[in-house]
>>> print(open('data_31.txt').read())   # compact mmCIF, C-alpha atoms
# COMPACT_ATOMS: atom_id res chain seq x y z
CA MET J 1 0.00 0.00 0.00
CA MET J 2 2.73 2.40 -1.06
CA VAL J 3 0.90 4.33 -3.78
CA PRO J 4 -1.10 6.66 -1.46
CA ALA J 5 2.07 7.45 0.48
CA ALA J 6 3.97 8.06 -2.74
CA LEU J 7 1.24 10.43 -3.93
CA LEU J 8 1.35 12.38 -0.67
CA LEU J 9 5.13 12.60 -0.93
CA LEU J 10 4.87 13.77 -4.54
CA GLY J 11 2.32 16.40 -3.55
CA ALA J 12 4.56 17.64 -0.73
CA LEU J 13 7.60 17.84 -3.01
CA THR J 14 5.59 19.72 -5.64
CA ALA J 15 4.31 22.15 -3.01
CA VAL J 16 7.83 22.83 -1.75
CA LEU J 17 9.95 22.79 -4.90
CA ALA J 18 7.69 24.34 -7.53
CA PRO J 19 7.25 27.76 -5.80
CA ARG J 20 11.00 27.98 -5.23
CA LEU J 21 11.76 27.20 -8.86
CA LEU J 22 9.22 29.75 -10.05
CA ALA J 23 10.59 32.38 -7.65
CA ARG J 24 14.10 31.90 -9.05
CA ALA J 25 13.00 31.99 -12.68
CA ASP J 26 13.35 35.26 -14.59
CA TRP J 27 10.57 34.64 -17.12
CA PRO J 28 7.30 35.04 -15.08
CA ASP J 29 7.44 38.84 -15.28
CA ARG J 30 8.13 38.59 -19.00
CA GLU J 31 5.26 36.16 -19.61
CA PRO J 32 2.65 36.67 -16.86
CA VAL J 33 -0.04 34.72 -18.73
CA VAL J 34 2.21 31.66 -18.95
CA ALA J 35 3.17 32.12 -15.30
CA LEU J 36 -0.52 32.21 -14.32
CA TRP J 37 -1.04 28.94 -16.16
CA MET J 38 2.03 27.40 -14.53
CA TRP J 39 0.85 28.32 -11.02
CA GLN J 40 -2.60 26.89 -11.69
CA CYS J 41 -1.09 23.62 -12.88
CA VAL J 42 1.19 23.37 -9.84
CA VAL J 43 -1.67 23.88 -7.40
CA ALA J 44 -3.85 21.50 -9.41
CA ALA J 45 -1.10 18.86 -9.17
CA VAL J 46 -0.99 19.21 -5.37
CA LEU J 47 -4.77 18.87 -5.14
CA VAL J 48 -4.81 15.89 -7.53
CA CYS J 49 -2.18 14.15 -5.39
CA CYS J 50 -4.35 14.60 -2.32
CA ALA J 51 -7.52 13.47 -4.12
CA LEU J 52 -5.93 10.32 -5.53
CA SER J 53 -4.28 9.46 -2.23
CA MET J 54 -7.63 9.89 -0.48
CA THR J 55 -9.37 7.62 -3.00
CA LEU J 56 -6.82 4.82 -2.79
CA SER J 57 -6.62 5.07 1.00
CA ALA J 58 -10.39 4.80 1.23
CA ALA J 59 -10.31 1.80 -1.10
CA ALA J 60 -7.77 0.14 1.19
CA ALA J 61 -9.79 0.86 4.32
CA TRP J 62 -13.30 -0.05 3.17
CA GLU J 63 -14.47 -2.89 0.91
CA ALA J 64 -17.46 -0.87 -0.34
CA VAL J 65 -15.23 1.90 -1.66
CA ARG J 66 -12.83 -0.62 -3.16
CA GLY J 67 -15.67 -2.24 -5.05
CA HIS J 68 -16.67 1.05 -6.65
CA VAL J 69 -13.13 2.23 -7.45
CA PHE J 70 -11.92 -1.06 -8.91
CA ALA J 71 -15.26 -2.38 -10.18
CA PRO J 72 -14.21 -2.83 -13.85
CA ALA J 73 -10.60 -3.81 -13.04
CA PRO J 74 -9.29 -7.41 -13.20
CA HIS J 75 -8.26 -9.12 -9.96
CA ALA J 76 -4.60 -8.84 -10.96
CA VAL J 77 -4.86 -5.04 -10.94
CA VAL J 78 -6.48 -5.01 -7.48
CA ASP J 79 -3.80 -7.34 -6.15
CA ALA J 80 -1.06 -5.12 -7.59
CA TYR J 81 -2.12 -2.25 -5.30
CA ALA J 82 -1.81 -4.44 -2.16
CA LEU J 83 -4.88 -2.80 -0.69
CA GLY J 84 -5.07 -5.22 2.21
CA THR J 85 -1.88 -3.91 3.83
CA GLY J 86 -1.72 -0.76 5.90
CA SER J 87 -5.48 -0.55 6.41
CA GLY J 88 -4.90 0.74 9.95
CA TRP J 89 -3.62 4.14 8.82
CA ALA J 90 -5.45 4.10 5.50
CA ALA J 91 -8.79 5.01 7.12
CA THR J 92 -7.17 7.85 9.06
CA THR J 93 -5.50 9.20 5.91
CA ALA J 94 -8.69 8.96 3.88
CA VAL J 95 -10.79 10.73 6.52
CA ALA J 96 -8.20 13.47 7.02
CA LEU J 97 -7.91 14.14 3.29
CA ALA J 98 -11.68 14.05 2.86
CA CYS J 99 -12.07 16.61 5.63
CA GLY J 100 -9.47 18.75 3.86
CA GLY J 101 -11.46 18.52 0.64
CA VAL J 102 -14.71 19.47 2.35
CA TRP J 103 -12.96 22.38 4.08
CA THR J 104 -11.54 23.58 0.76
CA ALA J 105 -14.99 23.51 -0.86
CA ALA J 106 -16.48 25.34 2.12
CA MET J 107 -13.83 28.06 1.98
CA LEU J 108 -14.37 28.50 -1.77
CA VAL J 109 -18.14 28.83 -1.27
CA GLN J 110 -17.53 31.33 1.51
CA GLU J 111 -15.13 33.37 -0.64
CA VAL J 112 -17.57 33.48 -3.56
CA ALA J 113 -20.47 34.39 -1.25
CA GLN J 114 -18.48 37.22 0.32
CA ALA J 115 -17.44 38.49 -3.12
CA ARG J 116 -21.06 38.51 -4.30
CA ALA J 117 -22.11 40.34 -1.13
CA ARG J 118 -19.42 42.96 -1.72
CA ARG J 119 -20.53 43.30 -5.32
CA ARG J 120 -24.18 43.79 -4.32
CA HIS J 121 -23.14 46.39 -1.75
CA SER J 122 -21.01 48.20 -4.34
CA ARG J 123 -23.86 48.21 -6.86
CA ALA J 124 -26.32 49.53 -4.28
CA GLU J 125 -23.87 52.26 -3.28
CA LEU J 126 -23.23 53.09 -6.93
CA LEU J 127 -26.95 53.38 -7.61
CA VAL J 128 -27.25 55.86 -4.72
CA ARG J 129 -24.29 57.95 -5.85
CA ALA J 130 -25.10 57.77 -9.57
CA PRO J 131 -28.84 57.06 -10.00
CA LEU J 132 -30.28 56.36 -13.41
CA LEU J 133 -32.02 59.29 -15.06
CA PRO J 134 -35.70 58.97 -16.05
CA GLY J 135 -35.94 56.74 -19.11
CA GLU J 136 -32.27 55.70 -18.89
CA GLU J 137 -31.48 52.01 -19.32
CA PRO J 138 -28.39 50.32 -17.83
CA ASP J 139 -26.05 49.53 -20.72
CA THR J 140 -23.31 46.95 -20.95
CA ASP J 141 -19.79 48.38 -20.48
CA ARG J 142 -21.35 51.58 -19.17
CA LEU J 143 -18.96 54.25 -17.97
CA VAL J 144 -20.06 55.72 -14.64
CA VAL J 145 -18.55 58.97 -13.39
CA LEU J 146 -18.67 59.68 -9.66
CA GLU J 147 -17.87 62.87 -7.83
CA GLY J 148 -14.69 62.31 -5.87
CA GLU J 149 -11.59 64.14 -4.73
CA ARG J 150 -9.43 61.03 -5.01
CA PRO J 151 -8.42 59.77 -8.47
CA ASP J 152 -9.70 56.23 -8.77
CA ALA J 153 -11.07 53.80 -11.33
CA TRP J 154 -12.37 50.27 -10.95
CA TRP J 155 -14.30 47.63 -12.83
CA LEU J 156 -17.62 46.50 -11.39
CA SER J 157 -18.33 43.05 -12.79
CA GLY J 158 -21.69 41.34 -13.03
CA ALA J 159 -24.59 41.08 -15.46
CA THR J 160 -24.03 44.71 -16.48
CA PRO J 161 -20.30 45.36 -16.03
CA ARG J 162 -19.29 48.96 -15.64
CA LEU J 163 -16.14 51.02 -15.41
CA VAL J 164 -16.44 53.47 -12.53
CA VAL J 165 -14.23 56.57 -12.66
CA THR J 166 -14.09 59.49 -10.26
CA THR J 167 -14.08 63.08 -11.44
CA ALA J 168 -10.61 63.51 -9.94
CA ALA J 169 -9.36 60.70 -12.18
CA LEU J 170 -10.92 62.32 -15.24
CA ARG J 171 -9.15 65.58 -14.44
CA ARG J 172 -5.83 63.74 -14.21
CA LEU J 173 -6.12 61.25 -17.06
CA LYS J 174 -5.18 62.84 -20.35
CA GLY J 175 -5.47 61.75 -23.95
CA ARG J 176 -5.87 57.99 -24.26
CA GLN J 177 -4.99 57.28 -20.63
CA LEU J 178 -8.65 56.70 -19.78
CA ASP J 179 -8.86 54.23 -22.67
CA ALA J 180 -5.81 52.43 -21.25
CA VAL J 181 -7.49 52.19 -17.83
CA LEU J 182 -10.64 50.83 -19.46
CA ALA J 183 -8.62 48.26 -21.44
CA HIS J 184 -6.79 47.22 -18.25
CA GLU J 185 -10.02 46.61 -16.35
CA GLN J 186 -11.67 44.89 -19.32
CA GLY J 187 -8.63 42.62 -19.51
CA HIS J 188 -9.35 41.48 -15.95
CA ALA J 189 -12.98 40.80 -16.82
CA ARG J 190 -12.34 38.94 -20.08
CA ALA J 191 -9.68 36.68 -18.55
CA ARG J 192 -11.92 36.01 -15.51
CA HIS J 193 -9.14 36.96 -13.13
CA ASP J 194 -11.71 37.25 -10.35
CA TRP J 195 -12.04 33.47 -10.25
CA LEU J 196 -8.29 33.06 -9.89
CA LEU J 197 -8.29 35.53 -7.02
CA HIS J 198 -11.25 33.82 -5.32
CA SER J 199 -9.71 30.35 -5.64
CA SER J 200 -6.28 31.40 -4.41
CA ALA J 201 -7.78 33.35 -1.50
CA ALA J 202 -9.94 30.37 -0.50
CA LEU J 203 -6.94 28.01 -0.41
CA ALA J 204 -4.72 30.50 1.42
CA ASN J 205 -7.39 31.32 4.01
CA GLY J 206 -8.38 27.70 4.48
CA PHE J 207 -4.82 26.41 4.87
CA PRO J 208 -2.71 29.32 6.16
CA GLN J 209 0.05 26.93 7.28
CA VAL J 210 0.64 25.68 3.71
CA PRO J 211 3.19 28.02 2.07
CA VAL J 212 2.37 27.04 -1.50
CA PHE J 213 -1.19 28.32 -1.15
CA ALA J 214 -0.05 31.64 0.34
CA ALA J 215 2.47 32.03 -2.49
CA PHE J 216 -0.26 31.12 -5.00
CA ARG J 217 -2.50 33.91 -3.65
CA ASP J 218 0.27 36.51 -3.65
CA GLU J 219 1.42 35.63 -7.15
CA MET J 220 -2.12 35.67 -8.51
CA HIS J 221 -2.61 39.24 -7.24
CA ARG J 222 0.66 40.31 -8.83
CA LEU J 223 0.51 38.41 -12.11
CA VAL J 224 -3.08 39.32 -13.00
CA GLU J 225 -2.10 42.99 -12.81
CA LEU J 226 0.90 42.42 -15.07
CA ALA J 227 -1.26 40.50 -17.54
CA ALA J 228 -3.87 43.29 -17.57
CA ASP J 229 -1.11 45.89 -18.02
CA ASP J 230 0.10 43.98 -21.07
CA MET J 231 -3.41 43.85 -22.52
CA ALA J 232 -3.78 47.62 -22.11
CA SER J 233 -0.31 48.42 -23.43
CA ARG J 234 -0.81 46.35 -26.58
CA ARG J 235 -3.81 48.50 -27.47
CA HIS J 236 -2.77 51.93 -26.22
CA GLY J 237 0.99 51.83 -25.75
CA ARG J 238 3.22 51.21 -22.77
CA LEU J 239 3.93 54.88 -22.08
CA THR J 240 0.22 55.75 -22.01
CA THR J 241 -0.54 52.85 -19.67
CA ALA J 242 2.37 53.74 -17.38
CA LEU J 243 1.31 57.39 -17.17
CA ALA J 244 -2.26 56.33 -16.35
CA LEU J 245 -0.92 54.20 -13.48
CA VAL J 246 1.13 57.11 -12.19
CA GLU J 247 -1.77 59.56 -12.37
CA LEU J 248 -4.11 57.22 -10.50
CA ASN J 249 -1.64 56.30 -7.74
CA GLU J 250 0.61 59.35 -7.32
CA ASP J 251 -1.35 60.72 -4.33
CA ARG J 252 -1.41 57.39 -2.49
CA GLY J 253 2.24 57.45 -1.49
CA VAL J 254 3.14 54.37 -3.48
CA PHE J 255 6.18 56.05 -5.00
CA GLY J 256 7.64 57.10 -1.66
CA PRO J 257 10.19 55.34 0.55
CA CYS J 258 7.58 53.85 2.90
CA PRO J 259 5.94 50.59 1.76
CA THR J 260 2.19 50.65 1.10
CA PRO J 261 -0.39 48.02 0.11
CA GLN J 262 0.16 49.17 -3.52
CA ALA J 263 3.93 48.74 -3.33
CA HIS J 264 3.87 46.75 -6.58
CA VAL J 265 2.75 49.81 -8.60
CA PRO J 266 6.29 51.28 -9.04
CA GLN J 267 7.51 47.91 -10.32
CA ARG J 268 4.61 47.80 -12.77
CA VAL J 269 5.41 51.30 -14.03
CA HIS J 270 9.10 50.44 -14.40
CA ARG J 271 8.19 47.27 -16.30
CA LEU J 272 6.00 49.24 -18.70
CA LEU J 273 8.67 51.88 -19.33
CA THR J 274 11.49 49.36 -19.72
CA PRO J 275 9.70 46.34 -21.16
CA PRO J 276 11.55 43.01 -20.88
CA ASP J 277 12.03 40.96 -23.99
CA ARG J 278 9.32 38.37 -24.49
CA LEU J 279 10.25 34.72 -24.72
CA PRO J 280 10.36 33.16 -28.19
CA PRO J 281 7.08 31.47 -29.19
CA ALA J 282 8.69 28.02 -29.07
CA HIS J 283 9.90 28.65 -25.52
CA ARG J 284 6.43 29.80 -24.45
CA LEU J 285 4.93 26.69 -26.01
CA ARG J 286 7.39 24.44 -24.16
CA LEU J 287 6.61 26.10 -20.84
CA THR J 288 2.87 25.81 -21.45
CA ALA J 289 3.17 22.13 -22.36
CA THR J 290 5.42 21.42 -19.37
CA ALA J 291 2.94 23.06 -17.04
CA ALA J 292 0.10 21.01 -18.50
CA LEU J 293 2.03 17.82 -17.78
CA VAL J 294 2.53 18.63 -14.08
CA PRO J 295 -1.00 17.58 -12.97
CA VAL J 296 -0.75 14.47 -15.18
CA ILE J 297 2.24 13.08 -13.24
CA PRO J 298 0.19 12.12 -10.13
CA VAL J 299 -2.31 10.32 -12.36
CA LEU J 300 0.51 8.32 -13.95
CA VAL J 301 1.92 7.46 -10.52
CA ALA J 302 -1.49 6.24 -9.39
CA PHE J 303 -1.88 4.01 -12.45
CA VAL J 304 1.64 2.52 -12.45
CA PRO J 305 0.80 -0.65 -10.42
CA GLY J 306 -2.28 -1.35 -12.52
CA LEU J 307 -0.43 -0.86 -15.80
CA ARG J 308 2.33 -3.15 -14.63
CA ALA J 309 -0.20 -5.84 -13.72
CA LEU J 310 -1.85 -5.60 -17.12
CA GLY J 311 1.53 -5.68 -18.86
>>> encode(input="data_31.txt", output="structure tokens")
Amino acid sequence: MMVPAALLLLGALTAVLAPRLLARADWPDREPVVALWMWQCVVAAVLVCCALSMTLSAAAAWEAVRGHVFAPAPHAVVDAYALGTGSGWAATTAVALACGGVWTAAMLVQEVAQARARRRHSRAELLVRAPLLPGEEPDTDRLVVLEGERPDAWWLSGATPRLVVTTAALRRLKGRQLDAVLAHEQGHARARHDWLLHSSAALANGFPQVPVFAAFRDEMHRLVELAADDMASRRHGRLTTALALVELNEDRGVFGPCPTPQAHVPQRVHRLLTPPDRLPPAHRLRLTATAALVPVIPVLVAFVPGLRALG
């Protein structure tokens, strides 16, 4: 009964080594979309390891589960997994991993529910501050201007997504800078970055002692902004996008010596003004394919005894 233990070990090694390798690599800032895909595949591999280990441990502990998991398999395949050994700790492992899976689902539901509540509150507040005029219909991609002394702009997703801009931001944004801000926020919406942020936050909040999930959350917040910056800069130019970032964040102290919650903004501006060279298409394709193979490895490990028995 070594396969569940091997899967747990593989998951632990992936959780420890993959973030370190990605942190040392110099390409994620050059290819944030590929880096987003790589991080998703790494976390998926860790979760697949846990799910497969839970399934095989449950099959070793309980005959009913074993009958469902190995129902179509020949007896030689079942014997190859040696499910009768180690049943003492198999039940404990299966229950612990199942509880972890239920907790993960609960944290994801909670994160999505909280996000929807925040969205409803924001829409209600927006309707109070910018009510519809008589006969006016809410339009898709509607631009809403709010009175405000602080330059700000944000995308309000939902059935009728809207870009909300304060009057202070309109006074500061010049030329096509407003278009760059709109393209940046639309990039978030089209790539569904909100789901990446919800998923990473749910894992990090549910398992704060697991470093890979905390790193996943932090990198998602950073990489989605870089990816949206690239989307805006491809349409409106890097200089225009960088100037829009500066205008929106200059009064928040992000460019001073003291760190702030938006400390990544200066790095984003520097990246836009001095763009790194993109990786060659073949290199990007290799990285994408390699990332896609990472979650497949646990599946292959789980099937090795059965394939050997059939061979």
>>> residues_around(input="data_31.txt", residues="J:Ala291", least_positions_apart="6", cutoff="12 Å", atoms="only C-alpha atoms", output="list in words")
Ala18, Leu22, Val34, Ala35, Leu36, Trp37, Met38, Trp39, Gln40, Cys41, Val42, Val43, Ala44, Ala45, Arg284, Leu285 and Ile297 of chain J
>>> atom_distance(input="data_31.txt", atom1="atom CA of J:Leu248", atom2="atom CA of J:Arg176")
13.9 Å
>>> residues_near_point(input="data_31.txt", point="(-12.4, 1.3, 3.4)", cutoff="10 Å", atoms="all atoms listed in the file", output="list of chain:residue names")
J:Thr55, J:Leu56, J:Ser57, J:Ala58, J:Ala59, J:Ala60, J:Ala61, J:Trp62, J:Glu63, J:Ala64, J:Val65, J:Arg66, J:Gly67, J:Leu83, J:Gly84, J:Ser87, J:Gly88, J:Ala90, J:Ala91, J:Ala94
>>> residues_around(input="data_31.txt", residues="stretch 165-171 of chain J", least_positions_apart="5", cutoff="7 Å", atoms="only C-alpha atoms", output="PyMOL selection string")
chain J and resi 144-154+248
>>> atom_distance(input="data_31.txt", atom1="atom CA of J:His221", atom2="atom CA of J:Leu293")
24.3 Å
>>> atom_distance(input="data_31.txt", atom1="atom CA of J:Asp277", atom2="atom CA of J:Lys174")
28.1 Å
>>> closest_atom_pairs(input="data_31.txt", of="stretch 222-250 of chain J", to="stretch 190-206 of chain J", cutoff="12 Å", atoms="all atoms listed in the file", output="Markdown table")
| residue | atom | partner | partner_atom | distance |
| --- | --- | --- | --- | --- |
| J:Arg222 | CA | J:Leu197 | CA | 10.3 |
| J:Leu223 | CA | J:His193 | CA | 9.8 |
| J:Val224 | CA | J:His193 | CA | 6.5 |
| J:Glu225 | CA | J:His193 | CA | 9.3 |
| J:Leu226 | CA | J:His193 | CA | 11.6 |
| J:Ala227 | CA | J:Ala191 | CA | 9.3 |
| J:Ala228 | CA | J:Ala191 | CA | 8.9 |
| J:Met231 | CA | J:Ala191 | CA | 10.3 |
>>> closest_residue(input="data_31.txt", among="J:Ala115, J:Ala242, J:Ala73, J:Val212", to="J:Ala12", atoms="all atoms listed in the file")
J:Val212
>>> closest_residue(input="data_31.txt", among="J:Arg238, J:Arg20, J:Arg217, J:His283", to="J:Val269", atoms="all atoms listed in the file")
J:Arg238
>>> closest_residue(input="data_31.txt", among="J:Val33, J:Leu126, J:Met2, J:Leu52", to="J:Leu287", atoms="only C-alpha atoms")
J:Val33
>>> decode(input="data_31.txt", residues="stretch 209-222 of chain J", atoms="N, CA, C and O atoms", output="tab-separated table (two decimals), in the first residue's frame")
chain	number	residue	atom	x	y	z
J	209	GLN	N	-1.26	27.50	6.95
J	209	GLN	CA	0.05	26.93	7.28
J	209	GLN	C	0.74	26.31	6.06
J	209	GLN	O	1.88	25.87	6.16
J	210	VAL	N	0.05	26.28	4.91
J	210	VAL	CA	0.64	25.68	3.71
J	210	VAL	C	1.23	26.79	2.86
J	210	VAL	O	0.50	27.58	2.25
J	211	PRO	N	2.57	26.88	2.77
J	211	PRO	CA	3.19	28.02	2.07
J	211	PRO	C	2.83	28.11	0.59
J	211	PRO	O	2.74	29.22	0.05
J	212	VAL	N	2.63	26.98	-0.07
J	212	VAL	CA	2.37	27.04	-1.50
J	212	VAL	C	1.06	27.77	-1.79
J	212	VAL	O	0.95	28.48	-2.80
J	213	PHE	N	0.08	27.65	-0.92
J	213	PHE	CA	-1.19	28.32	-1.15
J	213	PHE	C	-1.07	29.82	-0.90
J	213	PHE	O	-1.69	30.62	-1.61
J	214	ALA	N	-0.28	30.20	0.11
J	214	ALA	CA	-0.05	31.64	0.34
J	214	ALA	C	0.71	32.25	-0.83
J	214	ALA	O	0.40	33.36	-1.28
J	215	ALA	N	1.72	31.53	-1.34
J	215	ALA	CA	2.47	32.03	-2.49
J	215	ALA	C	1.58	32.10	-3.73
J	215	ALA	O	1.68	33.04	-4.53
J	216	PHE	N	0.69	31.12	-3.88
J	216	PHE	CA	-0.26	31.12	-5.00
J	216	PHE	C	-1.14	32.37	-4.96
J	216	PHE	O	-1.33	33.05	-5.97
J	217	ARG	N	-1.66	32.71	-3.78
J	217	ARG	CA	-2.50	33.91	-3.65
J	217	ARG	C	-1.72	35.17	-3.98
J	217	ARG	O	-2.19	36.03	-4.74
J	218	ASP	N	-0.52	35.30	-3.42
J	218	ASP	CA	0.27	36.51	-3.65
J	218	ASP	C	0.65	36.66	-5.12
J	218	ASP	O	0.59	37.77	-5.68
J	219	GLU	N	1.03	35.56	-5.74
J	219	GLU	CA	1.42	35.63	-7.15
J	219	GLU	C	0.23	35.90	-8.05
J	219	GLU	O	0.36	36.58	-9.08
J	220	MET	N	-0.94	35.38	-7.70
J	220	MET	CA	-2.12	35.67	-8.51
J	220	MET	C	-2.42	37.16	-8.50
J	220	MET	O	-2.71	37.76	-9.54
J	221	HIS	N	-2.34	37.80	-7.32
J	221	HIS	CA	-2.61	39.24	-7.24
J	221	HIS	C	-1.60	40.03	-8.07
J	221	HIS	O	-1.96	41.04	-8.69
J	222	ARG	N	-0.37	39.58	-8.10
J	222	ARG	CA	0.66	40.31	-8.83
J	222	ARG	C	0.59	40.04	-10.33
J	222	ARG	O	0.62	40.96	-11.16
